[in-house]
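**Student:** I'm passing along target_6.cif; it holds mmCIF, C-alpha atoms.
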data_start
loop_
_atom_site.label_atom_id
_atom_site.label_comp_id
_atom_site.auth_asym_id
_atom_site.auth_seq_id
_atom_site.Cartn_x
_atom_site.Cartn_y
_atom_site.Cartn_z
CA MET J 314 -74.92 -63.03 23.46
CA ARG J 315 -77.42 -62.37 26.25
CA THR J 316 -77.42 -58.94 27.80
CA ASP J 317 -76.13 -59.96 31.23
CA ALA J 318 -73.36 -61.97 29.56
CA SER J 319 -72.37 -58.97 27.49
CA GLN J 320 -72.44 -56.75 30.61
CA ASN J 321 -70.19 -59.22 32.39
CA ARG J 322 -67.80 -59.21 29.45
CA ALA J 323 -67.58 -55.42 29.57
CA ARG J 324 -67.03 -55.46 33.35
CA ILE J 325 -64.24 -57.99 32.98
CA LEU J 326 -62.47 -55.99 30.28
CA ASP J 327 -62.81 -52.73 32.25
CA ALA J 328 -61.30 -54.44 35.29
CA ALA J 329 -58.48 -55.88 33.19
CA ARG J 330 -57.62 -52.51 31.63
CA GLU J 331 -57.52 -50.83 35.04
CA LEU J 332 -55.25 -53.50 36.49
CA TYR J 333 -53.00 -53.68 33.42
CA ALA J 334 -52.69 -49.90 33.37
CA ALA J 335 -51.65 -49.81 37.01
CA LYS J 336 -49.45 -52.89 37.21
CA GLY J 337 -48.47 -54.03 33.72
CA LEU J 338 -49.22 -57.54 32.51
CA ASP J 339 -48.30 -59.28 35.78
CA VAL J 340 -51.93 -59.59 36.75
CA THR J 341 -53.64 -62.93 37.39
CA MET J 342 -57.01 -63.92 35.95
CA ARG J 343 -58.12 -64.33 39.56
CA ALA J 344 -57.26 -60.70 40.38
CA VAL J 345 -59.22 -59.50 37.35
CA ALA J 346 -62.25 -61.56 38.36
CA ARG J 347 -62.06 -60.18 41.90
CA ARG J 348 -61.92 -56.57 40.67
CA ALA J 349 -64.84 -57.21 38.31
CA GLY J 350 -66.82 -58.68 41.20
CA LEU J 351 -67.30 -61.96 39.33
CA GLY J 352 -66.20 -65.56 39.76
CA VAL J 353 -63.13 -66.90 37.96
CA ALA J 354 -65.38 -69.46 36.23
CA THR J 355 -67.39 -66.65 34.64
CA LEU J 356 -64.20 -65.04 33.42
CA TYR J 357 -63.00 -68.28 31.81
CA ARG J 358 -66.40 -68.77 30.17
CA HIS J 359 -65.86 -65.46 28.34
CA PHE J 360 -62.14 -65.90 27.69
CA PRO J 361 -61.04 -69.52 27.45
CA ASP J 362 -57.32 -68.64 27.54
CA ARG J 363 -55.15 -65.80 28.78
CA GLU J 364 -53.91 -64.73 25.31
CA ALA J 365 -57.39 -64.20 23.93
CA PHE J 366 -58.12 -62.24 27.07
CA VAL J 367 -55.12 -59.93 26.79
CA VAL J 368 -55.86 -59.25 23.15
CA ALA J 369 -59.46 -58.33 23.92
CA ALA J 370 -58.26 -55.96 26.63
CA PHE J 371 -55.98 -54.20 24.13
CA GLU J 372 -58.47 -54.05 21.29
CA HIS J 373 -58.93 -50.27 21.64
CA GLU J 374 -55.18 -49.61 21.73
CA LEU J 375 -54.66 -51.68 18.59
CA ALA J 376 -57.44 -49.83 16.80
CA ASP J 377 -55.87 -46.51 17.93
CA CYS J 378 -52.53 -47.56 16.51
CA GLY J 379 -54.13 -48.43 13.19
CA ARG J 380 -55.85 -45.04 12.98
CA LEU J 381 -52.70 -43.25 14.15
CA SER J 382 -50.55 -44.92 11.51
CA GLU J 383 -53.08 -44.06 8.77
CA GLU J 384 -53.05 -40.40 9.81
CA ALA J 385 -49.26 -40.40 9.96
CA LEU J 386 -49.06 -41.68 6.39
CA ALA J 387 -51.31 -38.84 5.26
CA ASP J 388 -48.88 -36.24 6.69
CA PRO J 389 -46.81 -34.61 3.89
CA ASP J 390 -43.79 -34.52 6.28
CA PRO J 391 -42.99 -38.20 7.06
CA TRP J 392 -40.21 -37.44 9.59
CA ARG J 393 -42.48 -35.14 11.62
CA ALA J 394 -45.21 -37.78 11.37
CA LEU J 395 -42.88 -40.54 12.58
CA ARG J 396 -41.80 -38.46 15.58
CA GLY J 397 -45.47 -37.86 16.28
CA VAL J 398 -46.18 -41.60 16.30
CA VAL J 399 -43.28 -42.21 18.68
CA GLY J 400 -44.50 -39.46 20.99
CA HIS J 401 -47.99 -40.92 21.00
CA VAL J 402 -46.78 -44.43 21.82
CA VAL J 403 -44.51 -43.18 24.61
CA ARG J 404 -47.32 -41.13 26.18
CA ALA J 405 -49.68 -44.08 25.87
CA GLN J 406 -47.29 -46.40 27.67
CA ALA J 407 -46.68 -43.82 30.41
CA GLY J 408 -50.44 -43.78 31.07
CA HIS J 409 -50.90 -47.49 30.55
CA ARG J 410 -48.10 -49.64 31.95
CA ALA J 411 -48.98 -52.69 29.86
CA PHE J 412 -49.47 -50.85 26.58
CA PRO J 413 -46.42 -52.02 24.61
CA TRP J 414 -46.71 -55.57 25.87
CA GLY J 415 -50.19 -55.89 24.44
CA PHE J 416 -48.62 -56.02 21.01
CA ARG J 417 -46.49 -59.00 21.84
CA ALA J 418 -49.46 -61.30 22.37
CA GLU J 419 -48.61 -64.21 20.11
CA SER J 420 -52.20 -65.13 19.45
CA LEU J 421 -53.18 -61.82 17.85
CA ASP J 422 -53.58 -63.72 14.59
CA GLU J 423 -56.06 -66.11 16.15
CA VAL J 424 -58.49 -63.48 17.33
CA GLU J 425 -58.88 -61.39 14.20
CA MET J 426 -56.51 -58.67 15.43
CA GLY J 427 -53.57 -60.07 13.48
CA GLU J 428 -54.64 -58.28 10.35
CA ALA J 429 -55.12 -54.96 12.17
CA ARG J 430 -51.64 -55.20 13.64
CA ALA J 431 -50.10 -56.21 10.29
CA ARG J 432 -51.73 -53.19 8.61
CA ALA J 433 -50.44 -50.83 11.31
CA MET J 434 -46.93 -52.28 10.97
CA ASP J 435 -47.05 -51.96 7.17
CA ASN J 436 -47.98 -48.31 7.63
CA ILE J 437 -45.10 -47.73 10.05
CA ASN J 438 -42.62 -49.46 7.75
CA GLU J 439 -43.82 -47.30 4.87
CA LEU J 440 -43.53 -44.17 7.05
CA VAL J 441 -39.92 -45.09 7.87
CA ARG J 442 -39.15 -45.64 4.18
CA ARG J 443 -40.56 -42.22 3.26
CA ALA J 444 -38.72 -40.44 6.10
CA GLN J 445 -35.48 -42.00 4.87
CA GLU J 446 -36.27 -41.05 1.28
CA SER J 447 -36.84 -37.45 2.34
CA GLY J 448 -33.32 -37.45 3.82
CA ASP J 449 -34.46 -36.60 7.35
CA LEU J 450 -34.24 -40.07 8.90
CA ARG J 451 -30.81 -41.70 8.80
CA ALA J 452 -30.38 -44.36 6.10
CA ASP J 453 -29.15 -46.99 8.56
CA PHE J 454 -32.24 -46.62 10.76
CA SER J 455 -34.16 -49.88 11.04
CA PRO J 456 -37.89 -50.02 11.89
CA SER J 457 -36.90 -52.49 14.62
CA ASP J 458 -35.17 -49.54 16.33
CA LEU J 459 -38.67 -48.37 17.27
CA ALA J 460 -38.98 -51.52 19.36
CA LEU J 461 -35.67 -50.67 21.07
CA LEU J 462 -36.99 -47.22 21.87
CA VAL J 463 -40.29 -48.52 23.23
CA GLN J 464 -38.69 -51.20 25.39
CA ALA J 465 -35.93 -48.93 26.70
CA SER J 466 -38.27 -46.08 27.56
CA ASP J 467 -40.73 -48.50 29.13
CA SER J 468 -37.96 -49.67 31.46
CA LEU J 469 -37.61 -46.08 32.71
CA THR J 470 -41.27 -45.06 32.77
CA ALA J 471 -42.06 -46.90 36.00
CA THR J 472 -39.17 -45.18 37.83
CA SER J 473 -39.45 -41.76 36.26
CA PRO J 474 -41.62 -40.61 33.34
CA ALA J 475 -39.33 -37.57 33.02
CA ALA J 476 -36.33 -39.86 32.58
CA ALA J 477 -38.19 -41.82 29.89
CA ARG J 478 -39.05 -38.57 28.04
CA ARG J 479 -35.42 -37.48 28.12
CA LEU J 480 -34.25 -40.85 26.82
CA VAL J 481 -36.75 -40.66 23.96
CA ALA J 482 -35.65 -37.12 23.10
CA TYR J 483 -32.01 -38.30 22.92
CA LEU J 484 -32.97 -41.24 20.71
CA LEU J 485 -35.11 -39.19 18.32
CA GLN J 486 -32.20 -36.79 17.86
CA SER J 487 -29.87 -39.66 17.09
CA PHE J 488 -32.35 -41.06 14.55
CA SER J 489 -31.91 -37.90 12.51
CA ALA J 490 -29.86 -38.18 9.31
CA ARG J 491 -26.92 -36.00 10.40
CA THR J 492 -24.97 -38.75 12.22
CA ALA J 493 -22.36 -41.51 11.89
CA PRO J 494 -23.07 -45.20 11.04
CA LEU J 495 -24.21 -47.63 13.76
CA PRO J 496 -23.62 -51.31 14.52
CA ALA J 497 -25.99 -53.65 12.60
CA PRO J 498 -29.68 -53.73 13.60
CA ALA J 499 -30.55 -56.32 16.24
CA PRO J 500 -33.48 -58.72 16.05
CA ALA J 501 -36.26 -57.14 18.10
CA SER J 502 -39.44 -59.07 18.65
CA LEU J 503 -41.26 -56.59 20.87
CA LEU J 504 -43.90 -55.73 18.32
CA GLY J 505 -43.96 -59.10 16.59
CA ALA J 506 -42.06 -60.29 13.54
CA ASP J 507 -43.61 -57.70 11.22
CA PHE J 508 -40.76 -55.22 11.20
CA ALA J 509 -38.87 -54.79 7.94
CA MET S 1309 -10.59 -64.94 61.07
CA ARG S 1310 -9.91 -68.66 61.12
CA THR S 1311 -8.90 -70.33 57.87
CA ASP S 1312 -12.05 -72.44 57.42
CA ALA S 1313 -14.17 -69.38 58.12
CA SER S 1314 -12.28 -67.40 55.51
CA GLN S 1315 -12.64 -70.29 53.02
CA ASN S 1316 -16.38 -70.36 53.65
CA ARG S 1317 -16.55 -66.62 53.09
CA ALA S 1318 -14.79 -66.98 49.73
CA ARG S 1319 -17.09 -69.86 48.72
CA ILE S 1320 -20.16 -67.81 49.61
CA LEU S 1321 -18.99 -64.81 47.60
CA ASP S 1322 -18.05 -66.97 44.59
CA ALA S 1323 -21.50 -68.58 44.68
CA ALA S 1324 -23.16 -65.17 44.98
CA ARG S 1325 -21.22 -63.75 42.03
CA GLU S 1326 -22.13 -66.71 39.83
CA LEU S 1327 -25.81 -66.47 40.68
CA TYR S 1328 -25.93 -62.67 40.39
CA ALA S 1329 -24.15 -62.83 37.03
CA ALA S 1330 -26.65 -65.36 35.71
CA LYS S 1331 -29.85 -64.05 37.21
CA GLY S 1332 -29.42 -60.50 38.42
CA LEU S 1333 -30.09 -59.53 42.00
CA ASP S 1334 -33.27 -61.60 42.35
CA VAL S 1335 -31.40 -64.30 44.19
CA THR S 1336 -32.26 -65.43 47.70
CA MET S 1337 -29.72 -65.90 50.49
CA ARG S 1338 -30.96 -69.49 50.63
CA ALA S 1339 -30.09 -70.09 46.95
CA VAL S 1340 -26.61 -68.67 47.53
CA ALA S 1341 -26.07 -70.93 50.54
CA ARG S 1342 -27.23 -73.97 48.55
CA ARG S 1343 -24.86 -73.23 45.68
CA ALA S 1344 -21.99 -72.69 48.11
CA GLY S 1345 -22.82 -76.04 49.74
CA LEU S 1346 -23.27 -74.38 53.13
CA GLY S 1347 -26.12 -73.81 55.56
CA VAL S 1348 -28.02 -70.53 55.60
CA ALA S 1349 -26.92 -70.02 59.22
CA THR S 1350 -23.27 -70.02 58.13
CA LEU S 1351 -24.04 -67.45 55.47
CA TYR S 1352 -25.75 -65.14 57.97
CA ARG S 1353 -22.81 -65.52 60.37
CA HIS S 1354 -20.57 -64.02 57.69
CA PHE S 1355 -23.05 -61.45 56.37
CA PRO S 1356 -25.57 -60.31 58.98
CA ASP S 1357 -27.73 -58.51 56.39
CA ARG S 1358 -28.38 -58.69 52.69
CA GLU S 1359 -26.97 -55.22 51.90
CA ALA S 1360 -23.57 -55.96 53.40
CA PHE S 1361 -23.62 -59.18 51.44
CA VAL S 1362 -24.38 -57.57 48.08
CA VAL S 1363 -21.68 -54.96 48.63
CA ALA S 1364 -19.09 -57.62 49.43
CA ALA S 1365 -20.05 -59.50 46.27
CA PHE S 1366 -19.47 -56.35 44.20
CA GLU S 1367 -16.24 -55.27 45.84
CA HIS S 1368 -14.16 -56.16 42.77
CA GLU S 1369 -16.50 -54.34 40.37
CA LEU S 1370 -16.39 -51.22 42.56
CA ALA S 1371 -12.60 -51.32 42.67
CA ASP S 1372 -12.55 -51.75 38.86
CA CYS S 1373 -14.75 -48.69 38.45
CA GLY S 1374 -12.44 -46.65 40.63
CA ARG S 1375 -9.39 -47.67 38.60
CA LEU S 1376 -11.25 -47.18 35.32
CA SER S 1377 -12.32 -43.66 36.26
CA GLU S 1378 -8.75 -42.73 37.31
CA GLU S 1379 -7.40 -43.92 33.95
CA ALA S 1380 -10.15 -42.06 32.09
CA LEU S 1381 -9.21 -38.80 33.84
CA ALA S 1382 -5.60 -39.28 32.74
CA ASP S 1383 -6.66 -39.45 29.05
CA PRO S 1384 -5.93 -36.14 27.26
CA ASP S 1385 -9.17 -36.59 25.23
CA PRO S 1386 -12.01 -36.53 27.81
CA TRP S 1387 -14.79 -37.29 25.29
CA ARG S 1388 -13.00 -40.39 24.03
CA ALA S 1389 -12.33 -41.38 27.65
CA LEU S 1390 -15.97 -40.95 28.62
CA ARG S 1391 -17.15 -43.11 25.71
CA GLY S 1392 -14.57 -45.68 26.82
CA VAL S 1393 -16.01 -45.72 30.35
CA VAL S 1394 -19.54 -46.18 28.97
CA GLY S 1395 -18.38 -49.02 26.73
CA HIS S 1396 -16.68 -50.72 29.67
CA VAL S 1397 -19.76 -50.46 31.90
CA VAL S 1398 -22.06 -51.76 29.16
CA ARG S 1399 -19.77 -54.73 28.45
CA ALA S 1400 -19.50 -55.44 32.16
CA GLN S 1401 -23.25 -55.51 32.61
CA ALA S 1402 -23.68 -57.77 29.56
CA GLY S 1403 -21.35 -60.28 31.23
CA HIS S 1404 -22.70 -59.73 34.70
CA ARG S 1405 -26.45 -59.26 34.87
CA ALA S 1406 -26.40 -57.66 38.31
CA PHE S 1407 -23.50 -55.29 37.65
CA PRO S 1408 -25.27 -51.89 37.62
CA TRP S 1409 -27.50 -52.77 40.53
CA GLY S 1410 -24.54 -53.39 42.77
CA PHE S 1411 -24.02 -49.66 42.86
CA ARG S 1412 -27.45 -48.95 44.22
CA ALA S 1413 -26.81 -50.75 47.48
CA GLU S 1414 -27.79 -48.14 50.04
CA SER S 1415 -25.42 -49.39 52.69
CA LEU S 1416 -22.24 -48.85 50.68
CA ASP S 1417 -21.32 -46.17 53.20
CA GLU S 1418 -21.57 -48.58 56.09
CA VAL S 1419 -19.11 -51.09 54.74
CA GLU S 1420 -16.20 -48.84 53.79
CA MET S 1421 -17.08 -48.86 50.09
CA GLY S 1422 -18.94 -45.56 50.24
CA GLU S 1423 -15.74 -43.60 49.86
CA ALA S 1424 -14.59 -45.70 46.88
CA ARG S 1425 -17.87 -45.10 45.14
CA ALA S 1426 -17.86 -41.39 45.93
CA ARG S 1427 -14.34 -41.07 44.47
CA ALA S 1428 -15.36 -42.91 41.29
CA MET S 1429 -18.42 -40.65 40.92
CA ASP S 1430 -16.31 -37.51 41.48
CA ASN S 1431 -14.00 -38.70 38.71
CA ILE S 1432 -16.91 -39.32 36.33
CA ASN S 1433 -18.44 -35.92 37.10
CA GLU S 1434 -15.06 -34.28 36.42
CA LEU S 1435 -14.71 -36.25 33.16
CA VAL S 1436 -18.13 -34.99 32.04
CA ARG S 1437 -17.14 -31.41 32.91
CA ARG S 1438 -13.94 -31.66 30.86
CA ALA S 1439 -15.70 -33.28 27.86
CA GLN S 1440 -18.19 -30.41 27.90
CA GLU S 1441 -15.38 -27.85 28.22
CA SER S 1442 -13.64 -29.38 25.19
CA GLY S 1443 -16.85 -28.78 23.20
CA ASP S 1444 -17.32 -32.45 22.29
CA LEU S 1445 -20.02 -33.34 24.81
CA ARG S 1446 -23.23 -31.31 24.57
CA ALA S 1447 -23.62 -28.58 27.17
CA ASP S 1448 -27.05 -29.80 28.31
CA PHE S 1449 -25.75 -33.31 29.05
CA SER S 1450 -26.22 -34.26 32.67
CA PRO S 1451 -24.10 -36.90 34.42
CA SER S 1452 -27.39 -38.49 35.46
CA ASP S 1453 -27.91 -39.29 31.77
CA LEU S 1454 -25.30 -42.01 32.28
CA ALA S 1455 -27.74 -43.67 34.68
CA LEU S 1456 -30.45 -43.48 32.00
CA LEU S 1457 -28.12 -45.14 29.54
CA VAL S 1458 -27.14 -47.90 31.96
CA GLN S 1459 -30.70 -48.66 33.01
CA ALA S 1460 -32.10 -48.54 29.46
CA SER S 1461 -29.38 -50.74 28.00
CA ASP S 1462 -29.68 -53.14 30.93
CA SER S 1463 -33.36 -53.58 30.09
CA LEU S 1464 -32.36 -54.78 26.60
CA THR S 1465 -29.28 -56.82 27.52
CA ALA S 1466 -31.26 -59.82 28.77
CA THR S 1467 -33.28 -60.02 25.53
CA SER S 1468 -30.54 -59.13 23.09
CA PRO S 1469 -26.99 -57.87 23.78
CA ALA S 1470 -26.86 -56.69 20.14
CA ALA S 1471 -29.96 -54.56 20.72
CA ALA S 1472 -28.34 -53.07 23.84
CA ARG S 1473 -25.17 -52.23 21.88
CA ARG S 1474 -27.18 -50.52 19.17
CA LEU S 1475 -29.13 -48.48 21.75
CA VAL S 1476 -25.88 -47.38 23.39
CA ALA S 1477 -24.41 -46.39 20.02
CA TYR S 1478 -27.47 -44.23 19.31
CA LEU S 1479 -27.26 -42.60 22.73
CA LEU S 1480 -23.54 -41.87 22.53
CA GLN S 1481 -24.11 -40.17 19.18
CA SER S 1482 -26.87 -38.05 20.65
CA PHE S 1483 -24.61 -37.06 23.56
CA SER S 1484 -22.29 -35.37 21.10
CA ALA S 1485 -22.30 -31.57 21.00
CA ARG S 1486 -23.77 -31.18 17.49
CA THR S 1487 -27.45 -31.46 18.48
CA ALA S 1488 -30.58 -29.58 19.64
CA PRO S 1489 -31.61 -28.90 23.29
CA LEU S 1490 -33.38 -31.58 25.36
CA PRO S 1491 -36.09 -31.59 28.05
CA ALA S 1492 -34.71 -30.98 31.57
CA PRO S 1493 -32.63 -33.73 33.24
CA ALA S 1494 -34.64 -36.19 35.30
CA PRO S 1495 -33.74 -37.33 38.82
CA ALA S 1496 -31.93 -40.67 38.41
CA SER S 1497 -30.94 -42.59 41.47
CA LEU S 1498 -29.47 -45.64 39.79
CA LEU S 1499 -25.93 -44.99 40.89
CA GLY S 1500 -26.73 -43.25 44.15
CA ALA S 1501 -27.18 -39.56 44.90
CA ASP S 1502 -23.65 -38.65 43.84
CA PHE S 1503 -24.38 -37.33 40.38
CA ALA S 1504 -23.90 -33.65 39.73
#
Show me, as structure tokens, the structure contained in the file I just sent.
**Tutor:**
Amino acid sequence: MRTDASQNRARILDAARELYAAKGLDVTMRAVARRAGLGVATLYRHFPDREAFVVAAFEHELADCGRLSEEALADPDPWRALRGVVGHVVRAQAGHRAFPWGFRAESLDEVEMGEARARAMDNINELVRRAQESGDLRADFSPSDLALLVQASDSLTATSPAAARRLVAYLLQSFSARTAPLPAPAPASLLGADFA
Amino acid sequence: MRTDASQNRARILDAARELYAAKGLDVTMRAVARRAGLGVATLYRHFPDREAFVVAAFEHELADCGRLSEEALADPDPWRALRGVVGHVVRAQAGHRAFPWGFRAESLDEVEMGEARARAMDNINELVRRAQESGDLRADFSPSDLALLVQASDSLTATSPAAARRLVAYLLQSFSARTAPLPAPAPASLLGADFA
């Protein structure tokens, strides 16, 4: 890749991250090009379709999640580690409106991020299993409940970050093992089909 | 009001309820007129502004809430009654996409529904107080947490009613008195400024 091309690519991705962070994923390719100070044609030369583009914009977040989930698995207290992961994700989405939606991108597999996401999800599933084994996380907790938490708190974050934090605190308390059984887990596709 | 005028009014409100139930409040006056088989001018003759229109469309739901909250106060077990109210609201919003938003309408006061809403909210606040006094509802619960629950579950209802039910079950369990303190309540304006 020539240097000016690689500079343009970086400018485009910076512009995309800024717009996504401020407005969520409802951002047109045209708006990104305008913010980057480039033509739409240049943008399409770098990113032939919108999915590939979104995935590239979230590359750092995906890598963070991978690292985070590795560190969580290394924690000798899996329930504390799981709460830590949730806290990190909720803070990330408060600072970056489009954060959770980046993980829905259906074409992750096509741009070499599929494996990174799958590894992160395997780690989270394993963390859940350990926290249940330790007796701290309720036995009827489903990893897909993390998607419920992310989507529900995201719906409050735009209105009030404090409201989202309170909701998450309620939910984490109800994930603890000292509680009554729940209705069956619901299919939740927010973070892809990788949940156990 | 002449009979054909009153028939038109009923047709308009039926059309509005159908569209709101299917699509939420993102429905134009024009779409309502089209579904009612009437001109937009006729619609505006009956409802000079959109707020008055929304309130009229939700008149039944508001009356239901009033009745529901009266019955809940008559229950000797306030915690059971409060969970019943939450269950009713969540089922109502699953069947009627725009249900919770009807209560945000700022002009409720101007169309003689303000008092009905205020009475319903007084009843709910009193129900919360009694459930806390009985020791079943946690002392740091805030009536505004009901708005959190409604907004969060509404965000899941469109994707998956089962996911919304599971979220609500988690939250109701965490509202129970046998739990740890939470971060401070957040301002929540979903149901107006009437919360304690």
**Student:** What lies within 10 Å of Ser1442 (chain S) using only C-alpha atoms, ignoring chain neighbours under 6 positions off, as a ChimeraX atom specification?
**Tutor:** /S:1385-1387,1436,1485
**Student:** As number ranges by chain, please: the residues near Leu1346 (chain S) (cut-off 9 Å, all atoms listed in the file, same-chain neighbours under 5 positions excluded).
**Tutor:** S: 1316, 1319-1320, 1340-1341, 1351
**Student:** S:Ala1330, S:Asn1431, S:Gln1440, S:Val1348: which is nearest Ala1466 (chain S), counting only C-alpha atoms?
**Tutor:**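 The shortest atom-to-atom distance to Ala1466 (chain S) comes from S:Ala1330.
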**Student:** For region 1397-1403 of chain S, list every protein, DNA or RNA residue within 8 Å, evaluated using all atoms listed in the file, and leave out those in the same chain fewer than 4 positions away; present the list as a ChimeraX atom specification.
**Tutor:** /S:1329,1393,1407-1408,1458,1461-1462,1465-1466,1469,1473
**Student:** Excluding same-chain residues fewer than 4 positions from Ala1344 (chain S), what lies within 12 Å of it counting all atoms listed in the file, as a PyMOL selection string?
**Tutor:** chain S and resi 1315-1327+1337-1340+1348+1350-1351
**Student:** I would like the residues chosen by the PyMOL selection byres ((chain J and resi 375) around 9) on the shown file; could you give them as a PDB file with C-alpha atoms, keeping the file's coordinate frame?
**Tutor:**
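Ended up saving to result-v3.pdb:
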ATOM      1  CA  VAL J 368     -55.860 -59.250  23.150  1.00  0.00           C
ATOM      2  CA  PHE J 371     -55.980 -54.200  24.130  1.00  0.00           C
ATOM      3  CA  GLU J 372     -58.470 -54.050  21.290  1.00  0.00           C
ATOM      4  CA  HIS J 373     -58.930 -50.270  21.640  1.00  0.00           C
ATOM      5  CA  GLU J 374     -55.180 -49.610  21.730  1.00  0.00           C
ATOM      6  CA  ALA J 376     -57.440 -49.830  16.800  1.00  0.00           C
ATOM      7  CA  ASP J 377     -55.870 -46.510  17.930  1.00  0.00           C
ATOM      8  CA  CYS J 378     -52.530 -47.560  16.510  1.00  0.00           C
ATOM      9  CA  GLY J 379     -54.130 -48.430  13.190  1.00  0.00           C
ATOM     10  CA  ARG J 380     -55.850 -45.040  12.980  1.00  0.00           C
ATOM     11  CA  GLY J 415     -50.190 -55.890  24.440  1.00  0.00           C
ATOM     12  CA  PHE J 416     -48.620 -56.020  21.010  1.00  0.00           C
ATOM     13  CA  MET J 426     -56.510 -58.670  15.430  1.00  0.00           C
ATOM     14  CA  ALA J 429     -55.120 -54.960  12.170  1.00  0.00           C
ATOM     15  CA  ARG J 430     -51.640 -55.200  13.640  1.00  0.00           C
ATOM     16  CA  ALA J 433     -50.440 -50.830  11.310  1.00  0.00           C
TER      17      ALA J 433
END
**Student:** Could you give me the centre and size, in Å to one decimal, of an axis-aligned box around all listed atoms of region 1372-1387 of chain S with 3 Å added on every side, as JSON?
**Tutor:**
{"center_x": -10.2, "center_y": -43.9, "center_z": 32.9, "size_x": 15.2, "size_y": 21.6, "size_z": 21.4}
**Student:** So the first atom is CA of Pro456 (chain J) and the second is CA of Ser1468 (chain S); what is the distance between them in Å, to one decimal place?
**Tutor:**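 Between CA of Pro456 (chain J) and CA of Ser1468 (chain S) the gap is 16.2 Å.
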**Student:** Please measure the separation of CA of Leu1479 (chain S) and CA of Leu484 (chain J), giving the value in Å to one decimal.
**Tutor:**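 Those two atoms sit 6.2 Å apart.
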**Student:** Which residues are near Arg363 (chain J)? Cut-off 10 Å, all atoms listed in the file, ignore same chain within fewer than 3 positions. Put them as number ranges by chain.
**Tutor:** J: 341-342, 357, 360, 366-369, 418, 420
**Student:** Between CA of Leu1480 (chain S) and CA of Leu1445 (chain S), what is the distance, to one decimal in Å?
**Tutor:**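 CA of Leu1480 (chain S) sits 9.5 Å away from CA of Leu1445 (chain S).
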**Student:** With N, CA, C and O atoms as the target, complete region 1458-1468 of chain S and hand it back as a CSV table (one decimal), in the frame of the given file.
**Tutor:**
chain,number,residue,atom,x,y,z
S,1458,VAL,N,-27.4,-46.6,31.3
S,1458,VAL,CA,-27.1,-47.9,32.0
S,1458,VAL,C,-28.4,-48.7,32.2
S,1458,VAL,O,-28.6,-49.9,31.9
S,1459,GLN,N,-29.4,-48.0,32.7
S,1459,GLN,CA,-30.7,-48.7,33.0
S,1459,GLN,C,-31.4,-49.1,31.7
S,1459,GLN,O,-31.9,-50.2,31.6
S,1460,ALA,N,-31.4,-48.2,30.7
S,1460,ALA,CA,-32.1,-48.5,29.5
S,1460,ALA,C,-31.4,-49.7,28.8
S,1460,ALA,O,-32.0,-50.6,28.3
S,1461,SER,N,-30.1,-49.7,28.7
S,1461,SER,CA,-29.4,-50.7,28.0
S,1461,SER,C,-29.5,-52.0,28.8
S,1461,SER,O,-29.6,-53.1,28.2
S,1462,ASP,N,-29.5,-51.9,30.1
S,1462,ASP,CA,-29.7,-53.1,30.9
S,1462,ASP,C,-31.0,-53.8,30.6
S,1462,ASP,O,-31.1,-55.0,30.6
S,1463,SER,N,-32.0,-53.0,30.3
S,1463,SER,CA,-33.4,-53.6,30.1
S,1463,SER,C,-33.4,-54.4,28.8
S,1463,SER,O,-34.2,-55.2,28.6
S,1464,LEU,N,-32.4,-54.1,27.9
S,1464,LEU,CA,-32.4,-54.8,26.6
S,1464,LEU,C,-31.4,-55.9,26.6
S,1464,LEU,O,-31.5,-56.9,25.8
S,1465,THR,N,-30.4,-55.8,27.5
S,1465,THR,CA,-29.3,-56.8,27.5
S,1465,THR,C,-29.8,-58.2,27.7
S,1465,THR,O,-29.3,-59.2,27.0
S,1466,ALA,N,-30.8,-58.5,28.5
S,1466,ALA,CA,-31.3,-59.8,28.8
S,1466,ALA,C,-31.9,-60.4,27.5
S,1466,ALA,O,-31.7,-61.6,27.2
S,1467,THR,N,-32.6,-59.6,26.8
S,1467,THR,CA,-33.3,-60.0,25.5
S,1467,THR,C,-32.3,-60.2,24.4
S,1467,THR,O,-32.2,-61.2,23.7
S,1468,SER,N,-31.5,-59.1,24.2
S,1468,SER,CA,-30.5,-59.1,23.1
S,1468,SER,C,-29.4,-58.2,23.3
S,1468,SER,O,-29.5,-57.0,23.3
